[in-house]
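To be precise, the following lines are my_file11.cif, and they hold mmCIF, C-alpha atoms.
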```
data_model
#
loop_
_atom_site.label_atom_id
_atom_site.label_comp_id
_atom_site.auth_asym_id
_atom_site.auth_seq_id
_atom_site.Cartn_x
_atom_site.Cartn_y
_atom_site.Cartn_z
CA MET A 160 22.78 2.19 24.74
CA ILE A 161 24.37 -1.24 24.91
CA GLU A 162 22.48 -4.45 25.55
CA LEU A 163 23.12 -8.18 25.38
CA THR A 164 19.86 -10.12 25.48
CA GLN A 165 18.44 -13.63 25.32
CA ASP A 166 15.13 -12.18 24.10
CA THR A 167 13.87 -11.16 20.67
CA ILE A 168 15.32 -7.74 19.79
CA ASP A 169 12.73 -4.94 19.91
CA VAL A 170 13.73 -2.94 16.83
CA SER A 171 11.32 -0.10 17.60
CA ALA A 172 12.91 0.34 21.03
CA VAL A 173 16.39 0.41 19.46
CA LEU A 174 15.27 3.15 17.04
CA ARG A 175 13.60 5.14 19.81
CA THR A 176 16.78 5.02 21.88
CA ALA A 177 18.90 6.33 19.00
CA SER A 178 16.44 9.05 17.98
CA SER A 179 17.12 12.68 18.79
CA PRO A 180 15.72 16.08 17.85
CA ARG A 181 19.26 16.94 16.70
CA ALA A 182 19.18 14.11 14.13
CA GLY A 183 18.37 14.55 10.47
CA ALA A 184 19.04 10.87 9.75
CA VAL A 185 18.80 7.55 11.56
CA VAL A 186 20.45 4.46 10.08
CA LEU A 187 19.35 1.05 11.36
CA PHE A 188 21.45 -2.03 10.64
CA LEU A 189 20.09 -5.50 11.39
CA GLY A 190 22.11 -8.69 11.23
CA THR A 191 19.90 -11.73 10.59
CA VAL A 192 20.40 -15.50 10.63
CA ARG A 193 21.12 -16.64 7.07
CA GLU A 194 19.84 -19.98 5.83
CA GLU A 195 22.78 -20.86 3.60
CA THR A 196 26.55 -20.41 3.90
CA ASP A 197 28.82 -21.57 1.08
CA GLY A 198 26.14 -23.91 -0.20
CA ARG A 199 25.52 -25.51 3.21
CA ARG A 200 22.14 -25.17 4.90
CA THR A 201 21.83 -23.78 8.44
CA THR A 202 18.87 -24.59 10.65
CA SER A 203 19.82 -22.33 13.57
CA LEU A 204 22.65 -20.54 15.36
CA THR A 205 23.72 -20.37 18.98
CA TYR A 206 25.50 -17.22 20.20
CA GLU A 207 27.61 -17.06 23.34
CA CYS A 208 29.71 -14.24 24.72
CA TYR A 209 32.12 -13.17 27.42
CA ALA A 210 29.55 -10.82 28.87
CA GLU A 211 31.67 -8.49 31.00
CA MET A 212 34.17 -7.92 28.20
CA ALA A 213 31.59 -7.78 25.39
CA LYS A 214 29.65 -5.04 27.19
CA ARG A 215 32.79 -3.06 27.77
CA ALA A 216 33.99 -3.52 24.17
CA LEU A 217 30.59 -2.49 22.78
CA ALA A 218 30.50 0.58 25.02
CA ASP A 219 34.00 1.56 23.89
CA LEU A 220 33.00 1.22 20.22
CA GLU A 221 29.82 3.21 20.79
CA ALA A 222 31.74 6.00 22.53
CA GLU A 223 34.29 6.10 19.72
CA ALA A 224 31.58 6.24 17.03
CA VAL A 225 29.66 8.97 18.86
CA GLN A 226 32.79 11.09 19.06
CA ARG A 227 34.16 10.37 15.57
CA TRP A 228 30.89 11.04 13.68
CA SER A 229 29.33 13.47 16.18
CA LEU A 230 26.34 11.15 16.54
CA SER A 231 23.23 12.47 18.24
CA GLY A 232 22.23 8.95 19.27
CA CYS A 233 23.49 5.38 19.14
CA ALA A 234 22.18 1.99 20.26
CA ILE A 235 23.64 -1.50 19.91
CA VAL A 236 21.79 -4.67 20.92
CA HIS A 237 23.22 -8.16 20.38
CA ARG A 238 21.19 -11.32 20.80
CA LEU A 239 22.50 -14.40 22.62
CA GLY A 240 21.34 -18.00 22.84
CA HIS A 241 19.53 -20.01 20.20
CA LEU A 242 18.28 -18.24 17.04
CA ALA A 243 16.25 -19.62 14.16
CA VAL A 244 16.81 -18.68 10.51
CA GLY A 245 15.55 -15.16 9.84
CA GLU A 246 15.81 -13.93 13.42
CA ILE A 247 17.69 -10.72 14.23
CA SER A 248 21.08 -11.34 15.83
CA VAL A 249 22.24 -7.73 16.11
CA ALA A 250 20.67 -4.28 15.80
CA ILE A 251 22.66 -1.08 15.45
CA ALA A 252 21.07 2.35 15.21
CA ALA A 253 23.05 5.52 14.65
CA SER A 254 21.59 9.00 14.30
CA ALA A 255 23.34 12.16 13.17
CA ALA A 256 22.59 15.58 11.80
CA HIS A 257 23.26 14.33 8.26
CA ARG A 258 22.96 10.92 6.59
CA GLU A 259 26.62 10.47 5.61
CA ALA A 260 27.75 10.33 9.23
CA ALA A 261 24.92 8.00 10.25
CA PHE A 262 25.64 5.54 7.39
CA GLU A 263 29.39 5.58 8.01
CA ALA A 264 29.04 5.11 11.77
CA ALA A 265 26.64 2.16 11.45
CA ARG A 266 28.91 0.50 8.88
CA TRP A 267 31.99 1.03 11.02
CA LEU A 268 30.24 -0.31 14.14
CA ILE A 269 29.15 -3.62 12.59
CA ASP A 270 32.59 -4.10 11.02
CA ARG A 271 34.35 -3.47 14.35
CA ILE A 272 31.91 -5.66 16.29
CA LYS A 273 32.80 -8.54 13.98
CA GLN A 274 36.51 -7.91 14.59
CA VAL A 275 36.89 -7.31 18.32
CA VAL A 276 33.82 -8.00 20.48
CA PRO A 277 34.03 -11.40 22.26
CA ILE A 278 30.85 -12.96 20.89
CA TRP A 279 30.83 -16.30 19.06
CA LYS A 280 28.33 -18.15 16.95
CA GLN A 281 27.86 -21.85 16.50
CA GLU A 282 26.30 -23.06 13.25
CA HIS A 283 23.80 -25.90 13.48
CA TRP A 284 23.77 -27.41 10.01
CA ALA A 285 20.83 -29.16 8.41
CA ASP A 286 22.89 -32.37 8.21
CA GLY A 287 22.97 -32.51 12.04
CA ALA A 288 26.54 -31.28 12.54
CA SER A 289 27.39 -28.23 14.69
CA GLU A 290 30.53 -26.10 14.65
CA TRP A 291 31.84 -22.95 16.25
CA VAL A 292 32.74 -20.22 13.80
CA HIS A 293 36.28 -18.92 14.36
CA PRO A 294 37.12 -16.99 11.18
CA ALA A 295 40.93 -16.90 11.41
CA VAL A 296 40.97 -20.62 12.21
CA ASP A 297 38.88 -21.41 9.15
CA ALA A 298 41.50 -19.70 6.98
CA ASP A 299 44.82 -21.33 6.23
CA ALA A 300 46.13 -21.76 9.77
CA ALA A 301 49.71 -22.06 8.53
CA ALA A 302 49.64 -18.44 7.36
CA GLU A 303 49.33 -17.36 10.99
CA GLU A 304 52.50 -19.14 12.04
CA PRO A 305 55.49 -16.86 12.68
CA MET B 258 50.87 -19.03 41.31
CA ASN B 259 47.45 -20.35 40.51
CA VAL B 260 45.62 -18.66 37.61
CA ARG B 261 42.06 -19.32 36.53
CA VAL B 262 41.45 -19.01 32.79
CA ARG B 263 37.96 -18.61 31.34
CA LEU B 264 37.26 -20.57 28.17
CA PHE B 265 34.78 -19.92 25.37
CA ALA B 266 33.28 -21.44 22.21
CA ALA B 267 35.45 -24.11 20.51
CA VAL B 268 38.07 -24.08 23.27
CA ARG B 269 35.42 -24.43 25.98
CA GLN B 270 33.93 -27.32 24.02
CA ALA B 271 37.35 -28.97 23.54
CA ALA B 272 38.07 -28.64 27.28
CA GLY B 273 34.60 -29.77 28.33
CA ARG B 274 34.42 -26.95 30.90
CA ASP B 275 34.21 -23.16 30.98
CA ALA B 276 37.31 -22.47 33.09
CA ILE B 277 40.60 -24.12 33.92
CA ASP B 278 43.00 -23.57 36.83
CA LEU B 279 46.69 -23.54 35.97
CA GLU B 280 49.68 -23.59 38.31
CA LEU B 281 52.34 -21.35 36.72
CA PRO B 282 55.73 -19.96 37.79
CA ASP B 283 55.59 -16.58 39.54
CA ARG B 284 57.16 -14.73 36.60
CA ALA B 285 54.94 -16.35 33.97
CA THR B 286 53.51 -14.32 31.11
CA VAL B 287 50.42 -14.72 28.95
CA ALA B 288 52.60 -16.54 26.38
CA ASP B 289 53.56 -19.12 29.03
CA LEU B 290 49.90 -19.55 29.90
CA ARG B 291 49.06 -20.09 26.23
CA ASP B 292 51.74 -22.78 25.91
CA ARG B 293 50.38 -24.52 29.00
CA LEU B 294 46.81 -24.40 27.70
CA ALA B 295 47.93 -26.17 24.52
CA ILE B 296 49.26 -29.00 26.72
CA GLU B 297 46.29 -29.10 29.12
CA ILE B 298 43.69 -29.05 26.31
CA PRO B 299 45.25 -31.17 23.55
CA ALA B 300 42.09 -31.00 21.43
CA ALA B 301 42.55 -27.20 21.23
CA ALA B 302 46.34 -27.20 20.78
CA GLY B 303 46.02 -26.50 17.05
CA LEU B 304 43.88 -23.43 17.76
CA MET B 305 46.16 -21.87 20.36
CA ARG B 306 48.22 -19.72 17.96
CA GLN B 307 44.95 -18.03 16.90
CA MET B 308 43.94 -17.11 20.45
CA LEU B 309 43.94 -13.65 21.93
CA PHE B 310 44.02 -13.18 25.69
CA ALA B 311 42.31 -10.75 28.01
CA ILE B 312 43.09 -9.77 31.57
CA ASP B 313 40.27 -8.16 33.52
CA ALA B 314 38.22 -7.90 30.30
CA GLN B 315 40.85 -6.07 28.22
CA TYR B 316 42.95 -7.57 25.41
CA VAL B 317 46.62 -7.81 26.44
CA PRO B 318 49.86 -8.61 24.53
CA LEU B 319 51.46 -12.03 24.99
CA ASP B 320 54.40 -10.62 26.99
CA THR B 321 52.08 -9.32 29.73
CA PRO B 322 53.02 -10.69 33.19
CA LEU B 323 50.28 -12.60 35.00
CA ARG B 324 48.93 -11.87 38.46
CA PRO B 325 47.28 -14.55 40.59
CA ASP B 326 44.14 -12.46 41.22
CA ALA B 327 43.61 -11.46 37.58
CA GLU B 328 40.65 -12.68 35.57
CA VAL B 329 42.28 -14.23 32.50
CA ALA B 330 40.26 -15.19 29.44
CA CYS B 331 41.23 -17.15 26.35
CA ILE B 332 39.51 -15.44 23.40
CA PRO B 333 39.09 -17.46 20.18
CA PRO B 334 38.61 -15.51 16.92
CA VAL B 335 35.26 -13.75 17.34
CA SER B 336 32.22 -14.31 15.15
CA GLY B 337 29.46 -12.08 16.46
CA GLY B 338 27.24 -9.84 14.39
#
```

Render the structure in this file as structure tokens.
Amino acid sequence: MIELTQDTIDVSAVLRTASSPRAGAVVLFLGTVREETDGRRTTSLTYECYAEMAKRALADLEAEAVQRWSLSGCAIVHRLGHLAVGEISVAIAASAAHREAAFEAARWLIDRIKQVVPIWKQEHWADGASEWVHPAVDADAAAEEP
Amino acid sequence: MNVRVRLFAAVRQAAGRDAIDLELPDRATVADLRDRLAIEIPAAAGLMRQMLFAIDAQYVPLDTPLRPDAEVACIPPVSGG
């Protein structure tokens, strides 16, 4: 199950969706809004996405995880809009016959989401500044030049 | 041909709008479109080498030819999760 939502993520619903009688393990990963990054204080985040592509990319990742780890259930919900510190930005649940597969699949899914799914966050810092987070741009841009 | 490009996050903010229409030669590729975006949105020119591009919601290589009816999107480095 894939969902992009402006509303608070219902973690129980995510777990229910991923549950299965075939499962011996369910792993739930939650991403939450952190108060401090590199010594700088965050008051809130705004998430935006390219919805059509993000849904498709999430569905592709889910399908790949289900096949690769023989998951019995999988659910991914990503929050959009304005989030306060401590709120849940993403929930991933993966269930499998045995715990190793469920742990590995959940870990792989959050790593891949951070690499390929077109969702962006904007930090609102306590000092009043706001900036979009574009990881490769934050690194030494010259290294990317051919 | 006329191509509409959807913009997101820092590039959308730099452009002050969420899409831009570009008039490009008929044989133009995604790389040509990227070069034009750097000119049209000077505030985002420094970011352009980091951009990926999607056509009809799929990432495509820079040498991909454009079609006038395609939905093109400029995808800055992602930061979801």

**OP:** I would like the residues chosen by the PyMOL selection byres ((chain A) within 8 of (chain B)) on the shown file; could you give them as a PyMOL selection string?
**Re:** chain A and resi 190+206-209+211-212+215+237+248-249+269+272-281+290-296+303-304

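Between CA of Leu290 (chain B) and CA of Arg261 (chain B) the interatomic distance comes to 10.3 Å.
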
Written as a compact mmCIF listing (two decimals) with C-alpha atoms, in the coordinates of the input, what is the full residue list that the PyMOL selection byres ((chain B and resi 278) around 10) yields on the file shown?
```txt
# COMPACT_ATOMS: atom_id res chain seq x y z
CA ASN B 259 47.45 -20.35 40.51
CA VAL B 260 45.62 -18.66 37.61
CA ARG B 261 42.06 -19.32 36.53
CA VAL B 262 41.45 -19.01 32.79
CA ARG B 263 37.96 -18.61 31.34
CA ALA B 276 37.31 -22.47 33.09
CA ILE B 277 40.60 -24.12 33.92
CA LEU B 279 46.69 -23.54 35.97
CA GLU B 280 49.68 -23.59 38.31
CA LEU B 281 52.34 -21.35 36.72
CA LEU B 294 46.81 -24.40 27.70
```

**OP:** Run the PyMOL selection byres ((chain A and resi 223-233) around 9) mentally over the shown coordinates, then write out the matched residues as a VMD selection string, using the chain letters and numbers from the document.
**Re:** chain A and resid 160 to 161 173 to 174 176 to 182 185 218 to 222 234 to 235 251 to 256 260 to 261 263 to 265 267 to 268

**OP:** Please measure the separation of CA of Thr164 (chain A) and CA of Arg200 (chain A), giving the value in Å to one decimal.
**Re:** 25.6 Å

**OP:** Could you jot down the CA of Glu328 (chain B) to CA of Arg269 (chain B) separation for me, Å, one decimal place?
**Re:** 16.0 Å
